[in-house]
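All remarks here apply to the structure that follows.
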Amino acid sequence: MSQIESLRRCYTCGAVLQSQDPTKEGYIAPETLAAHAEKDVLLCEACYTRRKFNRLPSSVQHDHTFMTMIGDALASGAMIVHIIDLTSFECSFDPRLPRNAVPNHIVIGNKRDLLPASWTDEQLKSYIIYVFQKNGITLKPEEIFLTSLLSSNTDISEIENAIETKRQGHDVYIIGSLGAGKSKFFDAYLRHYKNPSQHPVGVSHYYGTEANVMKVPLDSTSFLYDVPDLAVSNSFLRYKEDAALQRALQTVRPFPVRRTGIVKGGSLFIGTLARIDYWDGDALSFPVTAYFPEKIPLKSVLPKREMNALFVKYLEKKTWKPTLSCLSSMADYDGFELSIEGDEEEEIAIAGLGWIQFRNRGKRMTLRVYVPRGIGIDFGKAKGK
Ligand SMILES: Nc1nc2c(ncn2[C@@H]2O[C@H](COP(=O)(O)OP(=O)(O)O)[C@@H](O)[C@H]2O)c(=O)[nH]1
Ligand SMILES: [Mg+2]
């Protein structure tokens, strides 16, 4: 006799629960399943670990205006031009956005000038493809353009041509996080712009939102829209009131390449803004290359018995500038643990601040990363390699 059984799903992520393959989604150990078989609410191991250890870094949540505009764009077949800040975009994806929903898009990787000149365009494009793919968006190299829009004579004609050929008569929406370079892009775009229509270039209320949005006519029926800034709720850019910090972050000088190391039991203090501890592992120490704006201090700290007390002492004394007014004790930081294996160039990026790179030569290591509460971190393949 055949029978129909309903599938059991993880209460948090919705994956179908399975006990066959720990590397596939929805895995739950057979003994856990047996012990809790009568329960209605079951979690897969990945979600259970995240809940128990609060391991998931903060992701960004776009606001109502953005979601409305992006919804319109998708529904009308519009083209999306996504401007990213190459020094920090890993944590700018909203997990609520439908995956691979944008059939027609290009990505502009801006602030090329802040990255090492020796990194090739191919390396950077393949990194952008990798990060977008991790966030469920497939990109092709020909859909990516690299710019330094700070310089007023930047030639964007290649991008203008790509927009004109790819949009196929549809509207175009310019999106990007605060500080990515959207205003600079508009400056460059409007420099050579000739209005082909009867409509004026101007700011108008966008239906269904509270926002006033700039509209640039592209022909008599379609427009280029400037979408309000994407949220930076999980980035250091959110601390607008800390002026000295913002001045240090909004640098026009390339991020200096600083080589240092972290000793087992020791730490890398990024001023008192963040901290990366080498908690445990096979090697006694490992070399690190750090990329932060030059005014952000770095200090490699040898193992001390009371690492937290030392860090808090620096914090209280305001030993390192710039400081952040909302930080006064370790309770103001989120901690994450990274367990690393394999032999690859790895990178830890801290949203809006910078990143470190290191090579893990087949060793086992556990790092702990502390960042101000709510700041996003990303861990993955190193860029420019
Ligand atoms: N170094 C550098 N800074 C840039 C570049 N493009 C923009 N900026 C700076 O980044 C900040 C934000 O740029 P803006 O165009 O206002 O970004 P928006 O918030 O997306 O509109 C400003 O301080 C710009 O001067 C660039 O290519 N290189
Ligand atoms: Mg702007």
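Chain labels follow the order of the structure tokens: the first chain is A, the next B, and so on; residue numbering restarts at 1 in every chain, and ligands are counted from 1 in their shown order.
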Practice task
Write out as an NGL selection string each polymer residue whose atoms come within 6 Å of Cys91 (chain A), counting only C-alpha atoms; drop sequence neighbours fewer than 2 positions from it.
Solution key: :A and (89 or 93 or 376)
Exercise for the section: Within 7 Å of Pro293 (chain A), counting only C-alpha atoms, which residues show up once you throw out same-chain ones fewer than 3 positions away? Write them as a list in words, please. Expected result: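 My list of contacting residues is Ala248, Leu249, Thr251, Phe255, Pro256 and Ile296 of chain A.
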Handout entry: Given only C-alpha atoms and all ligand atoms as the counted atoms, nearest of A:Thr209, A:Asn135, A:Ser151, A:Thr65 to ligand 1
Key =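 Looking at the shortest contact to ligand 1, the residue is A:Ser151.
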Exercise for the section: Output the neighbourhood of ligand 2 as a list in words, that is, all protein and nucleic acid residues with some atom at most 12 Å from the ligand, counting only C-alpha atoms and all ligand atoms. Expected result: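 Answer in the requested format: Ile83, Ile174, Ile175, Gly176, Ser177, Leu178, Gly179, Ala180, Gly181, Lys182, Ser183, Lys184, Phe185, Phe186, Asp187, Val213, Met214, Asp226, Val227, Pro228, Asp229 and Leu230 of chain A.
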Create the file for the chosen residues now, containing C-alpha atoms and written as a PDB file, in the first residue's frame.
```pdb
ATOM      1  CA  ILE A  83      27.066  51.011  -8.274  1.00  0.00           C
ATOM      2  CA  ILE A 174      20.598  53.582 -10.599  1.00  0.00           C
ATOM      3  CA  ILE A 175      21.023  51.830  -7.254  1.00  0.00           C
ATOM      4  CA  GLY A 176      23.822  51.749  -4.716  1.00  0.00           C
ATOM      5  CA  SER A 177      24.642  52.139  -1.030  1.00  0.00           C
ATOM      6  CA  LEU A 178      25.215  55.527   0.516  1.00  0.00           C
ATOM      7  CA  GLY A 179      28.708  56.634  -0.429  1.00  0.00           C
ATOM      8  CA  ALA A 180      29.140  54.221  -3.334  1.00  0.00           C
ATOM      9  CA  GLY A 181      29.364  57.068  -5.858  1.00  0.00           C
ATOM     10  CA  LYS A 182      25.850  57.525  -7.317  1.00  0.00           C
ATOM     11  CA  SER A 183      26.007  61.326  -7.159  1.00  0.00           C
ATOM     12  CA  LYS A 184      29.411  61.281  -8.834  1.00  0.00           C
ATOM     13  CA  PHE A 185      28.022  59.009 -11.506  1.00  0.00           C
ATOM     14  CA  PHE A 186      25.135  61.415 -12.169  1.00  0.00           C
ATOM     15  CA  ASP A 187      27.578  64.333 -12.395  1.00  0.00           C
ATOM     16  CA  VAL A 213      13.546  61.046  -6.913  1.00  0.00           C
ATOM     17  CA  MET A 214      15.578  62.517  -9.762  1.00  0.00           C
ATOM     18  CA  ASP A 226      18.119  57.908  -9.119  1.00  0.00           C
ATOM     19  CA  VAL A 227      16.991  55.483  -6.399  1.00  0.00           C
ATOM     20  CA  PRO A 228      17.551  56.761  -2.812  1.00  0.00           C
ATOM     21  CA  ASP A 229      20.662  55.374  -1.104  1.00  0.00           C
ATOM     22  CA  LEU A 230      20.585  51.764  -0.048  1.00  0.00           C
TER      23      LEU A 230
END
```
Exercise for the section: May I ask for the distance between CA of Pro322 (chain A) and CA of Ala244 (chain A), given in Å to one decimal place? Expected result: 6.0 Å
Near Ser59 (chain A), counting only C-alpha atoms, which residues have an atom at most 9 Å away, once you skip same-chain residues fewer than 4 positions from it, shown as a PDB file with C-alpha atoms, in the first residue's frame?
```pdb
ATOM      1  CA  CYS A  91      27.785  43.054   3.323  1.00  0.00           C
ATOM      2  CA  SER A  92      25.432  45.273   1.293  1.00  0.00           C
ATOM      3  CA  PHE A  93      23.091  42.582  -0.043  1.00  0.00           C
ATOM      4  CA  ASP A  94      19.608  42.329   1.413  1.00  0.00           C
ATOM      5  CA  PRO A  95      18.748  38.649   1.873  1.00  0.00           C
ATOM      6  CA  SER A 233      22.664  49.963   8.644  1.00  0.00           C
ATOM      7  CA  ASN A 234      25.388  47.327   9.050  1.00  0.00           C
ATOM      8  CA  GLY A 374      25.247  45.270  14.266  1.00  0.00           C
ATOM      9  CA  ILE A 375      28.243  45.747  11.972  1.00  0.00           C
ATOM     10  CA  GLY A 376      28.432  43.211   9.147  1.00  0.00           C
ATOM     11  CA  ILE A 377      31.419  41.024   8.425  1.00  0.00           C
TER      12      ILE A 377
END
```
Exercise for the section: Between A:Ser325, A:Thr272, A:Ser300, A:Ser222, single out the one closest to Lys313 (chain A), counting only C-alpha atoms. Expected result: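 Checking each candidate against Lys313 (chain A), we get A:Thr272 as the closest.
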Practice task
Check region 21-185 of chain A with DSSP on the backbone and list each residue it calls strand (DSSP E or B), as a PyMOL selection string.
Solution key: chain A and resi 27+79-85+105-110+144-146+172-177
Problem - Distance in Å - atom 10 (O, counted along the ligand's line) of ligand 1 versus CA of Gln250 (chain A) - result: 6.3 Å
Problem - Straight-line distance linking CA of Val369 (chain A) with CA of Tyr314 (chain A), stated in Å to one decimal - result: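 Distance between the two atoms: 17.3 Å.
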Practice task
Can you work out which one of A:Leu367, A:Gly169, A:Tyr239, A:Val301 has the shortest atom-to-atom distance to Cys326 (chain A), counting only C-alpha atoms?
Solution key: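 Residue with the minimum atom-to-atom distance to Cys326 (chain A): A:Tyr239.
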Exercise for the section: Compile the contact shell of Leu224 (chain A) as a PyMOL selection string: residues with an atom at most 7 Å away, counting only C-alpha atoms, same-chain residues fewer than 3 positions apart removed. Expected result: chain A and resi 171-173+215-218
Just the selected residues (C-alpha atoms), exported as an mmCIF file, in the first residue's frame, please.
```cif
data_model
loop_
_atom_site.group_PDB
_atom_site.id
_atom_site.type_symbol
_atom_site.label_atom_id
_atom_site.label_comp_id
_atom_site.auth_asym_id
_atom_site.auth_seq_id
_atom_site.Cartn_x
_atom_site.Cartn_y
_atom_site.Cartn_z
ATOM 1 C CA ASP A 171 13.664 52.616 -17.915
ATOM 2 C CA VAL A 172 16.969 52.515 -16.021
ATOM 3 C CA TYR A 173 17.302 52.560 -12.208
ATOM 4 C CA LYS A 215 14.319 61.498 -13.217
ATOM 5 C CA VAL A 216 16.379 61.992 -16.344
ATOM 6 C CA PRO A 217 14.502 61.453 -19.653
ATOM 7 C CA LEU A 218 16.185 58.921 -21.944
#
```
Handout entry: Selection near Arg258 (chain A), 9 Å with only C-alpha atoms, sequence-local residues under 3 positions removed, as a list in words
Key =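 Non-adjacent residues within range: Phe255, Val288, Thr289, Ala290, Tyr291, Phe292 and Leu298 of chain A.
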